[in-house]
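J.: There's a structure below that I have some questions on.
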Amino acid sequence: MKKLLIYLPAFLLLLLLLVAWEAIVDLFNINPQVLPAPSAIVSVFADHAVILVPHILTTLLETLLGLLFAVIFGVFVAILLRLSSLVRKALYPLLIISQTIPIIALAPLLLIWFGFTILPKVIIVTMVCFFPITVAFADGMEKVSPQIITLLQSMKATRLQILFIAELPGALPSFFSGLRIASAYSVTGAIVGEYVGGYQGLGIYMQNAAHSYAVNLVFVVIIITSLLSIFLFAAVVLLEKILIPWNRGK
Amino acid sequence: MHHALSIKHFAKSFGVLSVFEDISLSVDKQEFVSIIGPSGCGKSTLFHILAGVDKATSGELFLDKKKITDSRGKFGYMPQDASLLPWKTVLENVMIGPRISGLAKTKAQEKATELLEKFNLQNFTNHYPATLSGGMQQRVALLRTVLFNPSFLLLDEPFGSLDALTRQDAQLWLLEVFKEFRSSVLFITHDIQEAILLSDRIYVFSSRPAKIMKEVPVNLPRPRKLTDLTSPRAVALEKQLFSLLKQTKK
């Protein structure tokens with residue numbers, strides 16, 4: 001209960017902004033085709049909830065699959081970077097350069113290669129999420145106390161034992177900060193992927209809504225998108241609490 | 001089971017920086033030997049070499065009169081800070097040594113539990129290190145070292161970070177562990193009284209490049225207690241060591 005109280009000022013501010021928005025739309029008689037009032041958005045939300053469910057599920061599936069692959073590749077690459085200085089020298093600069101490529105520009109290419117399936121969207125989410133996870137995890141392994149490594153070496157631990165006893169668990173907190181950032185980006189990644197083409201998903205629904213000037217529906221999708229991101233973020237934080245019990249209470 | 005150590009003409013330099021030039025010392029079976037000397041005189045480097053995580057530039061190392069080239073795993077080495085793994089409980093930390101050496105988990109658990117009970121740490125078995133006081137952390141780290149290899153302990157200033165009262169408790173506790181296992185011990189400290197209370201013999205190191213200035217026998221009966229430090233022999237010894245250490249600062 002006390003923890004929830006921390007969010008009270010933020011909640012009150014949000015409420016205040018919504019009230020102001022409602023009042024301004026009312027007061028200046030703004031055309032709902034341009035800017036609908038919050039109350040109008042809520043009522044549209046309720047009307048379209050059922051129609052929206054399959055779109056939400058599609059986007060959520062793409063996001064979760066993309067995140068999953070990003071975690072698998074990210075952890076794998078980070079371990080490779082840690083174990084081999086040759087891999088580090090060869091791969092690390094390329095990884096940095098790859099981040100300068102605008103992923104939006106790649107989306108049409110992926111569509112050409114893989115068609116209107118969910119695959120191009122999953123790939124985009126993976127690409128967006130891969131980098132923060134890899135860098136954070138590699139960093140975390142780097143930060144494990146050198147005294148601990150020395151101690152394990154003095155006990156005749158093998159390279160792999162050091163990896164599993166010290167570096168992987170020691171990097172978990174950093175891994176989760178990377179995953180938190182990635183989870184916040186991931187839903188947006190899926191929506192960008194859907195923009196380029198597809199049959200179902202929040203991005204497609206939003207585009208259709210925009211093309212038919214259903215501005216209130218666009219707002220509905222925006223709200224759902226941000227709710228999904230918050231939900232994912234919270235899930236990661238919860239997972240972190242469960243998997244890192246030694247940091248609890250700190 | 002117990003080992004005698006002798007080092008002959010050890011030298012170590014990092015590039016042009018000479019850490020020590022000609023160190024020869026010995027530790028008999030079941031003997032407790034301390035090294036005192038100014039900070040930065042290369043005591044920790046000496047321990048790294050003995051623990052097998054660094055190499056001497058020249059010199060020879062004998063264990064029970066046999067020449068040793070790779071000394072990893074031959075000593076129970078405890079680094080300067082406790083270096084407990086934060087993600088492992090007290091029990092899991094203590095059983096790391098046998099686990100690395102390939103002992104089955106349940107066996108290692110049994111041994112660690114038995115040891116923790118014997119030295120009155122059974123109430124902390126499932127605690128994470130972050131929840132323990134500094135003195136407790138050092139005790140856990142020491143038991144971990146003992147469980148890995150009780151035959152010969154290398155203890156690098158284990159109580160250096162503790163306050164005076166906690167330190168006295170820890171010293172007496174260490175004497176109990178020493179009595180139980182009759183390990184051979186090489187012990188680094190800055191604290192003259194600590195060296196007198198614990199040791200059979202004391203080596204005084206000069207500042208860098210380090211040489212052995214003096215080798216001093218303690219000649220106090222065992223078992224020792226804190227009041228032994230006020231005996232005429234101990235007081236005279238303390239004066240002698242104090243003036244020797246003063247010379248190293250010139």
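Going by the structure tokens order, chains are called A, B, ..., each with residues numbered from 1, while ligands are numbered from 1 in the order shown.
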Give me the residues within 9 Å of Val215 of chain A as a list in words, counting only C-alpha atoms and dropping any in the same chain fewer than 2 places off.

T.: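 So the residues in contact are Pro32, Gln33, Val34, Leu35, Pro36, Ala209, Ala210, Ser212, Tyr213, Leu217, Val218, Phe219 and Val220 of chain A.
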
J.: Using only C-alpha atoms, what does the table of chain B residues within 12 Å of chain A look like, with each row giving the shortest atom pair and its distance in Å to one decimal, sorted by chain and ascending number, as a Markdown table?

T.:
```
| residue | atom | partner | partner_atom | distance |
| --- | --- | --- | --- | --- |
| B:Ser44 | CA | A:Gln147 | CA | 11.7 |
| B:Thr45 | CA | A:Thr150 | CA | 11.9 |
| B:Phe47 | CA | A:Ser154 | CA | 10.3 |
| B:His48 | CA | A:Thr150 | CA | 8.3 |
| B:Ile49 | CA | A:Ser154 | CA | 9.7 |
| B:Leu50 | CA | A:Ser154 | CA | 9.0 |
| B:Ala51 | CA | A:Ser154 | CA | 5.2 |
| B:Gly52 | CA | A:Ser154 | CA | 6.0 |
| B:Val53 | CA | A:Ser154 | CA | 6.1 |
| B:Asp54 | CA | A:Thr150 | CA | 9.5 |
| B:Asp70 | CA | A:Lys156 | CA | 10.2 |
| B:Ser71 | CA | A:Ser154 | CA | 8.4 |
| B:Arg72 | CA | A:Ser154 | CA | 5.1 |
| B:Gly73 | CA | A:Met155 | CA | 4.7 |
| B:Lys74 | CA | A:Met155 | CA | 8.2 |
| B:Phe75 | CA | A:Ser154 | CA | 7.8 |
| B:Gly76 | CA | A:Met155 | CA | 7.8 |
| B:Tyr77 | CA | A:Ser154 | CA | 6.9 |
| B:Met78 | CA | A:Leu151 | CA | 7.2 |
| B:Pro79 | CA | A:Gln147 | CA | 6.8 |
| B:Gln80 | CA | A:Gln147 | CA | 8.4 |
| B:Asp81 | CA | A:Gln147 | CA | 8.0 |
| B:Ala82 | CA | A:Ile148 | CA | 9.0 |
| B:Ser83 | CA | A:Ile148 | CA | 5.4 |
| B:Leu84 | CA | A:Ile148 | CA | 7.4 |
| B:Leu85 | CA | A:Ile148 | CA | 7.4 |
| B:Pro86 | CA | A:Trp246 | CA | 6.6 |
| B:Trp87 | CA | A:Trp246 | CA | 5.5 |
| B:Lys88 | CA | A:Trp246 | CA | 7.7 |
| B:Thr89 | CA | A:Trp246 | CA | 8.3 |
| B:Val90 | CA | A:Trp246 | CA | 11.4 |
| B:Glu92 | CA | A:Ile165 | CA | 10.6 |
| B:Asn93 | CA | A:Ile165 | CA | 10.3 |
| B:Met95 | CA | A:Ile165 | CA | 11.8 |
| B:Ile96 | CA | A:Ile165 | CA | 8.6 |
| B:Gly97 | CA | A:Met155 | CA | 6.5 |
| B:Pro98 | CA | A:Met155 | CA | 9.2 |
| B:Arg99 | CA | A:Ala157 | CA | 9.6 |
| B:Ile100 | CA | A:Ala157 | CA | 5.9 |
| B:Ser101 | CA | A:Lys156 | CA | 7.7 |
| B:Gly102 | CA | A:Ala157 | CA | 9.9 |
| B:Asn126 | CA | A:Trp246 | CA | 10.9 |
| B:His127 | CA | A:Trp246 | CA | 8.9 |
| B:Tyr128 | CA | A:Trp246 | CA | 6.0 |
| B:Pro129 | CA | A:Trp246 | CA | 8.3 |
| B:Ala130 | CA | A:Trp246 | CA | 7.5 |
| B:Thr131 | CA | A:Trp246 | CA | 9.0 |
| B:Leu132 | CA | A:Trp246 | CA | 11.9 |
| B:Ala141 | CA | A:Leu151 | CA | 10.7 |
| B:Arg144 | CA | A:Leu151 | CA | 10.8 |
| B:Thr145 | CA | A:Met155 | CA | 9.3 |
| B:Val146 | CA | A:Met155 | CA | 11.7 |
| B:Leu147 | CA | A:Met155 | CA | 11.1 |
| B:Phe148 | CA | A:Met155 | CA | 7.5 |
| B:Asn149 | CA | A:Met155 | CA | 8.9 |
| B:Leu153 | CA | A:Ser154 | CA | 11.9 |
| B:Leu154 | CA | A:Ser154 | CA | 10.8 |
| B:Leu155 | CA | A:Leu151 | CA | 11.9 |
| B:Asp156 | CA | A:Leu151 | CA | 11.8 |
```

J.: Counting only C-alpha atoms, what is within 12 Å of Arg182 of chain B, bar same-chain residues fewer than 5 positions away, as a list in words?

T.: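 Non-adjacent residues within range: Met1, His2, His3, Asp28, Lys29, Gln30, Glu31, Phe32, Val146, Pro150, Ser151, Phe152, Leu153, Leu174, Leu175, Glu176 and Val177 of chain B.
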
J.: Name all residues at most 12 Å from Gln240 of chain B (count only C-alpha atoms; drop same-chain ones fewer than 3 positions away) and give them as a PDB file with N, CA and C atoms, in the first residue's frame.

T.:
```
ATOM      1  N   ILE B 192      50.665  -5.185  14.498  1.00  0.00           N
ATOM      2  CA  ILE B 192      51.722  -5.867  15.254  1.00  0.00           C
ATOM      3  C   ILE B 192      51.136  -6.805  16.304  1.00  0.00           C
ATOM      4  N   GLN B 193      50.150  -6.297  17.070  1.00  0.00           N
ATOM      5  CA  GLN B 193      49.546  -7.121  18.125  1.00  0.00           C
ATOM      6  C   GLN B 193      48.874  -8.363  17.556  1.00  0.00           C
ATOM      7  N   ILE B 196      51.496 -10.884  16.836  1.00  0.00           N
ATOM      8  CA  ILE B 196      52.027 -11.514  18.053  1.00  0.00           C
ATOM      9  C   ILE B 196      51.021 -12.521  18.621  1.00  0.00           C
ATOM     10  N   ILE B 202      57.372 -14.413  12.949  1.00  0.00           N
ATOM     11  CA  ILE B 202      56.970 -13.232  12.189  1.00  0.00           C
ATOM     12  C   ILE B 202      58.124 -12.807  11.277  1.00  0.00           C
ATOM     13  N   VAL B 204      59.453  -9.652   9.000  1.00  0.00           N
ATOM     14  CA  VAL B 204      59.238  -8.224   8.759  1.00  0.00           C
ATOM     15  C   VAL B 204      59.773  -7.883   7.377  1.00  0.00           C
ATOM     16  N   LYS B 214      63.908  -8.979   8.907  1.00  0.00           N
ATOM     17  CA  LYS B 214      64.128  -9.675  10.170  1.00  0.00           C
ATOM     18  C   LYS B 214      63.137 -10.817  10.282  1.00  0.00           C
ATOM     19  N   GLU B 215      63.578 -11.862  10.944  1.00  0.00           N
ATOM     20  CA  GLU B 215      62.694 -12.979  11.240  1.00  0.00           C
ATOM     21  C   GLU B 215      62.660 -13.112  12.754  1.00  0.00           C
ATOM     22  N   VAL B 216      61.459 -13.040  13.345  1.00  0.00           N
ATOM     23  CA  VAL B 216      61.349 -12.980  14.805  1.00  0.00           C
ATOM     24  C   VAL B 216      60.484 -14.123  15.319  1.00  0.00           C
ATOM     25  N   PRO B 217      61.008 -14.969  16.205  1.00  0.00           N
ATOM     26  CA  PRO B 217      60.158 -16.002  16.817  1.00  0.00           C
ATOM     27  C   PRO B 217      59.305 -15.385  17.922  1.00  0.00           C
ATOM     28  N   VAL B 218      58.100 -15.913  18.125  1.00  0.00           N
ATOM     29  CA  VAL B 218      57.197 -15.309  19.115  1.00  0.00           C
ATOM     30  C   VAL B 218      57.357 -15.946  20.500  1.00  0.00           C
ATOM     31  N   ARG B 233      57.163 -10.725  27.648  1.00  0.00           N
ATOM     32  CA  ARG B 233      57.696 -11.202  26.367  1.00  0.00           C
ATOM     33  C   ARG B 233      56.980 -10.513  25.196  1.00  0.00           C
ATOM     34  N   ALA B 234      55.651 -10.460  25.290  1.00  0.00           N
ATOM     35  CA  ALA B 234      54.867  -9.860  24.206  1.00  0.00           C
ATOM     36  C   ALA B 234      55.141  -8.370  24.087  1.00  0.00           C
ATOM     37  N   VAL B 235      55.245  -7.704  25.237  1.00  0.00           N
ATOM     38  CA  VAL B 235      55.481  -6.261  25.217  1.00  0.00           C
ATOM     39  C   VAL B 235      56.841  -5.944  24.599  1.00  0.00           C
ATOM     40  N   ALA B 236      57.842  -6.728  24.977  1.00  0.00           N
ATOM     41  CA  ALA B 236      59.184  -6.524  24.419  1.00  0.00           C
ATOM     42  C   ALA B 236      59.177  -6.748  22.911  1.00  0.00           C
ATOM     43  N   LEU B 237      58.464  -7.803  22.515  1.00  0.00           N
ATOM     44  CA  LEU B 237      58.358  -8.142  21.095  1.00  0.00           C
ATOM     45  C   LEU B 237      57.683  -7.013  20.313  1.00  0.00           C
ATOM     46  N   SER B 243      59.837  -0.788  16.293  1.00  0.00           N
ATOM     47  CA  SER B 243      61.002  -0.027  15.839  1.00  0.00           C
ATOM     48  C   SER B 243      61.479  -0.549  14.478  1.00  0.00           C
ATOM     49  N   LEU B 244      61.315  -1.836  14.239  1.00  0.00           N
ATOM     50  CA  LEU B 244      61.682  -2.376  12.912  1.00  0.00           C
ATOM     51  C   LEU B 244      60.795  -1.768  11.823  1.00  0.00           C
ATOM     52  N   LEU B 245      59.486  -1.711  12.106  1.00  0.00           N
ATOM     53  CA  LEU B 245      58.560  -1.168  11.103  1.00  0.00           C
ATOM     54  C   LEU B 245      58.833   0.311  10.863  1.00  0.00           C
ATOM     55  N   LYS B 246      59.246   1.003  11.922  1.00  0.00           N
ATOM     56  CA  LYS B 246      59.568   2.417  11.796  1.00  0.00           C
ATOM     57  C   LYS B 246      60.741   2.623  10.832  1.00  0.00           C
ATOM     58  N   GLN B 247      61.718   1.712  10.934  1.00  0.00           N
ATOM     59  CA  GLN B 247      62.873   1.782  10.034  1.00  0.00           C
ATOM     60  C   GLN B 247      62.467   1.643   8.560  1.00  0.00           C
TER      61      GLN B 247
END
```

J.: Within 12 Å of segment 80-83 of chain A, counting only C-alpha atoms, which residues qualify if same-chain residues fewer than 2 places away don't, as a ChimeraX atom specification?

T.: /A:73-78,85-93,95,134-135,137-144,159-160,162-163,167-168,171

J.: I need the residues of segment 88-148 of chain B that end up classed as helix (DSSP H, G or I) by DSSP on the backbone, written out as a count of residues only.

T.: 45

J.: Please provide as a ChimeraX atom specification all residues within 7 Å of segment 209-211 of chain B, with the sequence filter that same-chain residues fewer than 2 positions apart are discarded (counting only C-alpha atoms).

T.: /B:18-23,41-42,205-207,213

J.: In Å, how far is it from atom CA of Glu110 of chain B to atom CA of Gln122 of chain B?

T.: 12.3 Å

J.: Out of B:Ser6, B:Ser133, B:Gln109, B:Ser13, which residue has the shortest atom-to-atom distance to Glu60 of chain B when counting only C-alpha atoms?

T.: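 Among B:Ser6, B:Ser133, B:Gln109, B:Ser13, it is B:Ser6 that comes nearest to Glu60 of chain B.
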
J.: Within 8 Å of Val196 of chain A, counting only C-alpha atoms, which residues qualify if same-chain residues fewer than 5 places away don't, as a list of chain:residue names?

T.: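 That gives A:Ala107, A:Pro108, A:Leu111.
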
J.: Kindly save the residues from that selection, with C-alpha atoms included, as a PDB file, in the first residue's frame.

T.:
```
ATOM      1  CA  ALA A 107      11.309  -2.670 -42.558  1.00  0.00           C
ATOM      2  CA  PRO A 108      10.287  -2.478 -46.267  1.00  0.00           C
ATOM      3  CA  LEU A 111       8.635  -7.148 -46.023  1.00  0.00           C
TER       4      LEU A 111
END
```

J.: Would you work out the distance separating atom CA of Gly135 of chain B from atom CA of Leu165 of chain B, expressed in Å to one decimal?

T.: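 Taking atom CA of Gly135 of chain B and atom CA of Leu165 of chain B, their separation equals 9.9 Å.
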
J.: Using only C-alpha atoms, can you tell me which of A:Leu27, A:Cys129, A:Val237, A:Ala70 comes closest to Ile103 of chain A?

T.: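 Of A:Leu27, A:Cys129, A:Val237, A:Ala70, the one nearest Ile103 of chain A is A:Cys129, counting only C-alpha atoms.
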